[in-house]
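Trainee: The structure that follows is given in the form of C-alpha cells.
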Amino acid sequence: YLLYPATQWLVVDDFHPVAFATPLLLACVWLLDTGRLMPFALCAALACTTKEHVGLAVAMLGVWFAVSHGRRLAGAVIAAAGVGVAMVATQVIVPHFSPGGGSPFEGRYRAVGSTPGGMAKTLVTDPGAFLDALFEGRDARYLAALLLPLLCLSLLAPALAAVALPELLLNVLSSTTTQSSVHFHYTATITAALVAAAVVGTGRLRRLP
C-alpha cells in the first residue's frame, strides 16, 4: 500500500484534504468487514468531510457490505446515506460557496452534460459522447497505472473494487487530463478501494485448489 504509486503521488502532490479519505476508507472496509458499524459510521463521516464526492464511495461500500456480507438493510442504509451526503455536498454546499453558484468543475464535463441532470440527459440522447469520453487512449493508460502495480489482484474482488467506480468515472469523463493520471490527488478513493480489493483478491487466490 505504501509503495503503490498512486499513494506516493497522493502525498507528494500539493496538499489536498481528500488525501485523508484514503486511510479513512481503508478503515471503513476493515470495520465493515468485522461488523463494527458505529466505528465505521465515524470513519465514513470523517471521510465525507474531505471532498464532496467521497459520499459516493461510502455508498458503494454499503452496496459491497450488502452483497458480500448479506447485510442488506444495513448496506442499503449506508448506500442511501452516502448518496444523500454527496447530493447535499454537490448540490447545496459547493454551489453556496462558489462565487457564481453551481460547481466550479462543471466545465470539465461539458462534453457529457456538465451537471448530473445534464449527464443523465446526454446518456439518453447522445450515448456516443459518453463512449468517446470513456475510451480515450489516456484512459487505458490510466487504468493500467492503477491496476498493474497491484498485479490486477483487485479484479478478483469485483464487488469491493467497484467502490472505486464513482471517482474513476468522474476522472475518465473529465476533459481535464490531470484527473486521469496517478500523479495527482484524484485517486484518493480509488486507491483505498483497489488496495483493499487486492488484499481480498489475494486471499481468494490462496484458497484456489
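Just so we're on the same page: first chain in the C-alpha cells is A, next is B, and so on; residues restart at 1 for each chain, and ligands are numbered from 1 in the order they show up.
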Under the rule of at most 12 Å, produce a per-residue listing of range 34-144 of chain A near range 192-207 of chain A: chain, number, name, the closest pair of atoms, and the distance in Å, as a tab-separated table, using only C-alpha atoms.
Mentor:
```
residue	atom	partner	partner_atom	distance
A:Ala47	CA	A:Ala192	CA	11.5
A:Val54	CA	A:Ala192	CA	11.4
A:Ala57	CA	A:Ala193	CA	8.6
A:Val58	CA	A:Ala193	CA	10.5
A:Met60	CA	A:Ala193	CA	9.9
A:Leu61	CA	A:Ala193	CA	9.0
A:Trp64	CA	A:Ala193	CA	10.9
A:Ser68	CA	A:Val200	CA	11.4
A:Leu143	CA	A:Leu194	CA	11.2
```
Trainee: Could you pull out all residues of range 19-199 of chain A with a DSSP call of alpha helix (DSSP H) and give them as a PDB file with C-alpha atoms, in the first residue's frame?
Mentor:
```pdb
ATOM      1  CA  ALA A  21     -10.036   9.899   2.694  1.00  0.00           C
ATOM      2  CA  THR A  22      -7.700   7.072   1.673  1.00  0.00           C
ATOM      3  CA  PRO A  23      -6.762   5.764   5.149  1.00  0.00           C
ATOM      4  CA  LEU A  24     -10.252   6.566   6.447  1.00  0.00           C
ATOM      5  CA  LEU A  25     -11.898   4.498   3.713  1.00  0.00           C
ATOM      6  CA  LEU A  26      -9.442   1.653   4.308  1.00  0.00           C
ATOM      7  CA  ALA A  27     -10.512   1.755   7.948  1.00  0.00           C
ATOM      8  CA  CYS A  28     -14.133   1.703   6.769  1.00  0.00           C
ATOM      9  CA  VAL A  29     -13.530  -1.508   4.822  1.00  0.00           C
ATOM     10  CA  TRP A  30     -11.876  -3.150   7.822  1.00  0.00           C
ATOM     11  CA  LEU A  31     -14.628  -2.051  10.220  1.00  0.00           C
ATOM     12  CA  LEU A  32     -17.424  -3.186   7.912  1.00  0.00           C
ATOM     13  CA  ASP A  33     -15.690  -6.493   7.312  1.00  0.00           C
ATOM     14  CA  LEU A  37     -20.936  -0.350  12.371  1.00  0.00           C
ATOM     15  CA  MET A  38     -20.577   2.511  14.855  1.00  0.00           C
ATOM     16  CA  PRO A  39     -16.807   2.983  14.362  1.00  0.00           C
ATOM     17  CA  PHE A  40     -17.453   2.594  10.637  1.00  0.00           C
ATOM     18  CA  ALA A  41     -20.017   5.401  10.740  1.00  0.00           C
ATOM     19  CA  LEU A  42     -17.487   7.680  12.417  1.00  0.00           C
ATOM     20  CA  CYS A  43     -14.757   6.946   9.867  1.00  0.00           C
ATOM     21  CA  ALA A  44     -17.205   7.276   6.977  1.00  0.00           C
ATOM     22  CA  ALA A  45     -18.468  10.623   8.281  1.00  0.00           C
ATOM     23  CA  LEU A  46     -14.908  11.923   8.608  1.00  0.00           C
ATOM     24  CA  ALA A  47     -14.062  10.686   5.108  1.00  0.00           C
ATOM     25  CA  CYS A  48     -17.068  12.521   3.673  1.00  0.00           C
ATOM     26  CA  VAL A  54     -16.483  10.811  -1.167  1.00  0.00           C
ATOM     27  CA  GLY A  55     -20.055  10.050  -0.104  1.00  0.00           C
ATOM     28  CA  LEU A  56     -20.433   8.086  -3.338  1.00  0.00           C
ATOM     29  CA  ALA A  57     -17.554   5.809  -2.318  1.00  0.00           C
ATOM     30  CA  VAL A  58     -19.237   5.311   1.056  1.00  0.00           C
ATOM     31  CA  ALA A  59     -22.454   4.441  -0.778  1.00  0.00           C
ATOM     32  CA  MET A  60     -20.607   1.800  -2.793  1.00  0.00           C
ATOM     33  CA  LEU A  61     -19.202   0.387   0.437  1.00  0.00           C
ATOM     34  CA  GLY A  62     -22.812  -0.076   1.521  1.00  0.00           C
ATOM     35  CA  VAL A  63     -23.513  -1.997  -1.673  1.00  0.00           C
ATOM     36  CA  TRP A  64     -20.426  -4.145  -1.086  1.00  0.00           C
ATOM     37  CA  PHE A  65     -21.485  -4.799   2.519  1.00  0.00           C
ATOM     38  CA  ALA A  66     -24.945  -5.880   1.391  1.00  0.00           C
ATOM     39  CA  VAL A  67     -23.599  -8.157  -1.357  1.00  0.00           C
ATOM     40  CA  SER A  68     -20.588  -9.732   0.335  1.00  0.00           C
ATOM     41  CA  HIS A  69     -21.885  -9.948   3.907  1.00  0.00           C
ATOM     42  CA  ARG A  72     -28.968  -5.895   3.052  1.00  0.00           C
ATOM     43  CA  LEU A  73     -30.740  -3.462   5.358  1.00  0.00           C
ATOM     44  CA  ALA A  74     -27.544  -2.032   6.826  1.00  0.00           C
ATOM     45  CA  GLY A  75     -25.981  -1.893   3.381  1.00  0.00           C
ATOM     46  CA  ALA A  76     -28.994  -0.070   1.953  1.00  0.00           C
ATOM     47  CA  VAL A  77     -28.921   2.479   4.786  1.00  0.00           C
ATOM     48  CA  ILE A  78     -25.199   3.098   4.235  1.00  0.00           C
ATOM     49  CA  ALA A  79     -25.707   3.443   0.484  1.00  0.00           C
ATOM     50  CA  ALA A  80     -28.616   5.864   0.903  1.00  0.00           C
ATOM     51  CA  ALA A  81     -26.708   7.930   3.456  1.00  0.00           C
ATOM     52  CA  GLY A  82     -23.647   8.117   1.208  1.00  0.00           C
ATOM     53  CA  VAL A  83     -25.662   9.247  -1.803  1.00  0.00           C
ATOM     54  CA  GLY A  84     -27.530  11.754   0.347  1.00  0.00           C
ATOM     55  CA  VAL A  85     -24.322  13.278   1.698  1.00  0.00           C
ATOM     56  CA  ALA A  86     -22.844  13.535  -1.793  1.00  0.00           C
ATOM     57  CA  MET A  87     -26.003  15.181  -3.145  1.00  0.00           C
ATOM     58  CA  VAL A  88     -26.078  17.759  -0.354  1.00  0.00           C
ATOM     59  CA  VAL A  94     -20.448  23.637  -3.135  1.00  0.00           C
ATOM     60  CA  PRO A  95     -22.806  25.971  -5.083  1.00  0.00           C
ATOM     61  CA  HIS A  96     -23.407  28.043  -1.942  1.00  0.00           C
ATOM     62  CA  PHE A  97     -19.703  28.775  -1.542  1.00  0.00           C
ATOM     63  CA  PRO A 116     -25.745  15.407 -13.049  1.00  0.00           C
ATOM     64  CA  GLY A 117     -29.059  16.161 -14.759  1.00  0.00           C
ATOM     65  CA  GLY A 118     -27.292  17.118 -17.967  1.00  0.00           C
ATOM     66  CA  MET A 119     -25.241  13.934 -17.870  1.00  0.00           C
ATOM     67  CA  ALA A 120     -28.377  11.829 -17.471  1.00  0.00           C
ATOM     68  CA  LYS A 121     -29.911  13.591 -20.473  1.00  0.00           C
ATOM     69  CA  THR A 122     -26.754  13.140 -22.563  1.00  0.00           C
ATOM     70  CA  LEU A 123     -26.595   9.459 -21.640  1.00  0.00           C
ATOM     71  CA  VAL A 124     -30.068   9.007 -23.133  1.00  0.00           C
ATOM     72  CA  THR A 125     -29.872  11.372 -26.103  1.00  0.00           C
ATOM     73  CA  PRO A 127     -24.593   7.923 -25.518  1.00  0.00           C
ATOM     74  CA  GLY A 128     -21.775   8.219 -28.038  1.00  0.00           C
ATOM     75  CA  ALA A 129     -20.488  11.261 -26.147  1.00  0.00           C
ATOM     76  CA  PHE A 130     -20.013   9.065 -23.078  1.00  0.00           C
ATOM     77  CA  LEU A 131     -18.310   6.336 -25.096  1.00  0.00           C
ATOM     78  CA  ASP A 132     -15.931   8.855 -26.635  1.00  0.00           C
ATOM     79  CA  ALA A 133     -15.030  10.156 -23.173  1.00  0.00           C
ATOM     80  CA  LEU A 134     -14.639   6.672 -21.688  1.00  0.00           C
ATOM     81  CA  GLY A 137      -6.197   6.403 -25.148  1.00  0.00           C
ATOM     82  CA  ARG A 138      -5.082   8.147 -21.975  1.00  0.00           C
ATOM     83  CA  ASP A 139      -7.834   6.389 -20.016  1.00  0.00           C
ATOM     84  CA  ALA A 140      -6.447   2.954 -20.918  1.00  0.00           C
ATOM     85  CA  ARG A 141      -3.005   4.030 -19.700  1.00  0.00           C
ATOM     86  CA  TYR A 142      -4.607   5.376 -16.538  1.00  0.00           C
ATOM     87  CA  LEU A 143      -6.323   2.063 -15.791  1.00  0.00           C
ATOM     88  CA  ALA A 144      -3.073   0.201 -16.397  1.00  0.00           C
ATOM     89  CA  ALA A 145      -1.234   2.521 -13.986  1.00  0.00           C
ATOM     90  CA  LEU A 146      -3.870   1.793 -11.335  1.00  0.00           C
ATOM     91  CA  LEU A 147      -4.167  -1.972 -11.758  1.00  0.00           C
ATOM     92  CA  PRO A 158     -15.009  -7.088  -8.039  1.00  0.00           C
ATOM     93  CA  ALA A 159     -17.673  -6.011  -5.536  1.00  0.00           C
ATOM     94  CA  LEU A 160     -15.064  -4.263  -3.396  1.00  0.00           C
ATOM     95  CA  ALA A 161     -13.145  -2.917  -6.382  1.00  0.00           C
ATOM     96  CA  LEU A 165     -16.130   3.377  -9.751  1.00  0.00           C
ATOM     97  CA  PRO A 166     -17.594   6.786  -8.788  1.00  0.00           C
ATOM     98  CA  GLU A 167     -14.243   8.570  -8.713  1.00  0.00           C
ATOM     99  CA  LEU A 168     -12.923   6.516 -11.618  1.00  0.00           C
ATOM    100  CA  LEU A 169     -15.861   7.583 -13.794  1.00  0.00           C
ATOM    101  CA  LEU A 170     -15.506  11.207 -12.711  1.00  0.00           C
ATOM    102  CA  ASN A 171     -11.871  11.101 -13.746  1.00  0.00           C
ATOM    103  CA  VAL A 172     -12.182   9.407 -17.123  1.00  0.00           C
ATOM    104  CA  LEU A 173     -15.207  11.512 -18.139  1.00  0.00           C
ATOM    105  CA  ALA A 188      -7.805   9.049  -3.173  1.00  0.00           C
ATOM    106  CA  THR A 189     -10.920   6.858  -3.046  1.00  0.00           C
ATOM    107  CA  ILE A 190      -9.733   4.699  -5.949  1.00  0.00           C
ATOM    108  CA  THR A 191      -6.542   3.814  -4.078  1.00  0.00           C
ATOM    109  CA  ALA A 192      -8.443   2.751  -0.977  1.00  0.00           C
ATOM    110  CA  ALA A 193     -10.825   0.558  -2.969  1.00  0.00           C
ATOM    111  CA  LEU A 194      -8.232  -1.102  -5.193  1.00  0.00           C
ATOM    112  CA  VAL A 195      -5.752  -1.786  -2.401  1.00  0.00           C
ATOM    113  CA  ALA A 196      -8.457  -3.294  -0.178  1.00  0.00           C
ATOM    114  CA  ALA A 197      -9.774  -5.340  -3.100  1.00  0.00           C
ATOM    115  CA  ALA A 198      -6.241  -6.566  -3.856  1.00  0.00           C
ATOM    116  CA  VAL A 199      -5.947  -7.843  -0.277  1.00  0.00           C
TER     117      VAL A 199
END
```
Trainee: Work out how far CA of Thr176 in chain A is from CA of Val12 in chain A, in Å to one decimal.
Mentor: 19.8 Å
Trainee: Considering only C-alpha atoms, state which residue in the set A:Ala162, A:Leu153, A:Ser181, A:Pro104 is at the smallest distance from Gln91 in chain A.
Mentor: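 Distance minimum relative to Gln91 in chain A lands on A:Pro104.
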Trainee: Find the residue from A:Arg71, A:Thr90, A:Asp14, A:Ala6 that sits nearest to Gly35 in chain A; use only C-alpha atoms when measuring.
Mentor: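 Closest to Gly35 in chain A of all the choices is A:Arg71.
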Trainee: Could you list, as a PDB file with C-alpha atoms, in the first residue's frame, every residue within 10 Å of Pro149 in chain A, counting only C-alpha atoms and ignoring same-chain residues fewer than 6 positions away?
Mentor:
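What ended up in out_14.pdb:
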```pdb
ATOM      1  CA  LEU A   3       4.730   1.638  -2.225  1.00  0.00           C
ATOM      2  CA  TYR A   4       1.687   1.880  -4.506  1.00  0.00           C
ATOM      3  CA  PRO A   5       2.494   4.703  -6.967  1.00  0.00           C
ATOM      4  CA  ALA A   6      -0.867   6.419  -6.553  1.00  0.00           C
TER       5      ALA A   6
END
```
Trainee: In Å, rounded to a single decimal, give me how far CA of Ala111 in chain A is from CA of Leu148 in chain A.
Mentor: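 Atom-to-atom, CA of Leu148 in chain A to CA of Ala111 in chain A, that is 29.3 Å.
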Trainee: Counting only C-alpha atoms, which residue out of A:Thr178, A:Thr187, A:Thr50, A:Thr34 sits closest to Val18 in chain A?
Mentor: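 When distances to Val18 in chain A are compared using only C-alpha atoms, the smallest one comes from A:Thr50.
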